[in-house]
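Student: Encoded as structure tokens, here's the structure I'll be asking about.
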Amino acid sequence: VFQNILLHRKPLENLENIVRCKDGRLVVLETSGVPFLDENRRLSGYRGIDRDITERKLNEAERETLIANLETKNAELERFTYTVSHDLKAPLITIRGFLGYIEQDVLSGDVERLKGDIQRIIAATDKLQRLLNELLELSRIGRLMNPPENVLLPNLIQEVIKLMEGHFGERNVEVRVQEDLPVLFGDSQRLSEVIQNLLDNAVKFMGEQTKPVIEVGTRGEENGMPVLYVRDNGMGIAPEHHERIFGLFNKLNPNIEGTGVGLAIVKRIVEVHGGRIWVESEPCKGTTFYFTFPKERKPEAGK
């Protein structure tokens, strides 16, 4: 652009350019000026001014980022509202329907059917309570956090495994934990929720596997963060569902216990810590969840 202006001896009007100062700083200048010609009408220079607009450009970039984030949050809120209203209706419809049956049971004196209908109402209210509890937990992530600290990952994983021993025992699941796992930095309670949810998810989706195995380990780094994984040899997930599973209430198999909020909670916790989570899987070939998380922070010298 500048060469074209020089060639045609055009005035400079608010031309933005980046220059490096003597101290190494990069600044954005807005240049305006008019060509300066010598007695032979040859271009000898430009006379004008440069304005330092670095701060303005930074503010504009920040504003654009905020607008983009706001648009994303609004879209998430719309999806959240639709999903919540849809999934909360189901237990309420069940309760209302069986209340009508109860009236018929009482009038007909059918005690056994009355007991069965009451149990269905109790199951529906339990499901509604679980949904509300997990929605409340999801809303707290990012707002209510414990002070970040260095977390000994091997110790944390062993605590989670001990907590879930009964769950693993029911399916005879073998859990293998890689040695020399890194020390991480963050909210230890939330990190424990991540590990517990991923392990629980692996157990639920083992399918008909006769020798179920879950592995927990690490694989290199990404953007300065350790890449951790939880791998199972279960039923696997088709590629077209890899993004969908992290959505709210997105259950691939409605017959498997759970509310469909667990992976949404995991994703939220990881992202609040500045990391990301993804899945690699194929049907009948097991599933591996990868996620990044901040690594140990060394104390500053003299502190």
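Simple scheme: letters A, B, ... for chains in structure tokens order, numbers from 1 for residues in each chain, numbers from 1 for ligands in the order shown.
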DSSP says alpha helix (DSSP H) for which residues of stretch 63-298 of chain A? Put them as a ChimeraX atom specification?

Tutor: /A:63-108,111-140,153-163,165-171,188-204,262-272

Student: Sorted by chain and rising residue number, which residues of stretch 95-189 of chain A lie within 12 Å of stretch 228-239 of chain A, and what are their closest atom pairs and distances in Å to one decimal, counting only C-alpha atoms, as a Markdown table?

Tutor:
```
| residue | atom | partner | partner_atom | distance |
| --- | --- | --- | --- | --- |
| A:Leu153 | CA | A:Leu228 | CA | 10.4 |
| A:Ile157 | CA | A:Val230 | CA | 11.2 |
| A:Arg171 | CA | A:Gly234 | CA | 11.9 |
| A:Val173 | CA | A:Asp232 | CA | 9.9 |
| A:Glu174 | CA | A:Asp232 | CA | 9.9 |
| A:Val175 | CA | A:Asp232 | CA | 9.2 |
| A:Arg176 | CA | A:Arg231 | CA | 9.7 |
| A:Val177 | CA | A:Val230 | CA | 9.4 |
| A:Gln178 | CA | A:Tyr229 | CA | 10.2 |
| A:Leu181 | CA | A:Leu228 | CA | 9.0 |
| A:Pro182 | CA | A:Leu228 | CA | 9.3 |
| A:Val183 | CA | A:Leu228 | CA | 11.5 |
| A:Leu184 | CA | A:Leu228 | CA | 10.6 |
```

Student: Compile the contact shell of stretch 25-33 of chain A as a list in words: residues with an atom at most 10 Å away, counting only C-alpha atoms, same-chain residues fewer than 3 positions apart removed.

Tutor: Lys10, Pro11, Leu12, Glu13, Asn14, Leu15, Glu16, Asn17, Ile18, Val19, Arg20, Cys21, Lys22, Phe36, Gly45, Tyr46, Arg47, Gly48, Ile49, Asp50, Arg51, Asp52, Ile53, Thr54, Glu55, Arg56, Lys57 and Leu58 of chain A

Student: Need the shell around A:Gln196: protein/DNA/RNA residues with any atom at most 10 Å away, counting only C-alpha atoms. Skip same-chain ones fewer than 6 positions apart. Format as a ChimeraX atom specification?

Tutor: /A:157,159-161,163-164,190,202,262,266

Student: List every residue of stretch 31-264 of chain A that DSSP, applied to the backbone of this structure, assigns to strand (DSSP E), and report them as a PyMOL selection string.

Tutor: chain A and resi 31-37+43-52+149-152+174-177+183-186+213-222+225-232

Student: List as a PyMOL selection string the protein and nucleic acid residues near A:Ile122, meaning an atom at most 12 Å away when only C-alpha atoms are counted, but skip any in the same chain fewer than 3 places from it.

Tutor: chain A and resi 91-92+94-96+98-99+115-119+125-129

Student: For each of A:Asn69, A:Asn146, A:Gln104, A:Asn172, take the minimum atom-to-atom distance to A:Gln209, counting only C-alpha atoms, then give the residue where this is smallest.

Tutor: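 Looking at the shortest contact to A:Gln209, the residue is A:Asn172.
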
Student: Which residues are close to A:Asn223, i.e. within 10 Å by only C-alpha atoms, leaving aside same-chain residues fewer than 3 positions away? Reply as a list in words.

Tutor: Pro226, Val227, Gly275, Thr292 and Pro294 of chain A

Student: Which residue, A:Val216, A:Ala61, A:Ala68, A:Ala264, has the smallest gap to A:Pro154 when you use only C-alpha atoms?

Tutor: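 With only C-alpha atoms as the atom set, the closest residue is A:Val216.
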
Student: Could you tell me how far atom CA of A:Ile269 lies from atom CA of A:Leu198, in Å and to one decimal?

Tutor: 12.4 Å

Student: Can you work out the spacing between atom CA of A:Leu152 and atom CA of A:Phe293 in Å, to one decimal?

Tutor: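 So the two atoms, atom CA of A:Leu152 and atom CA of A:Phe293, lie 12.9 Å apart.
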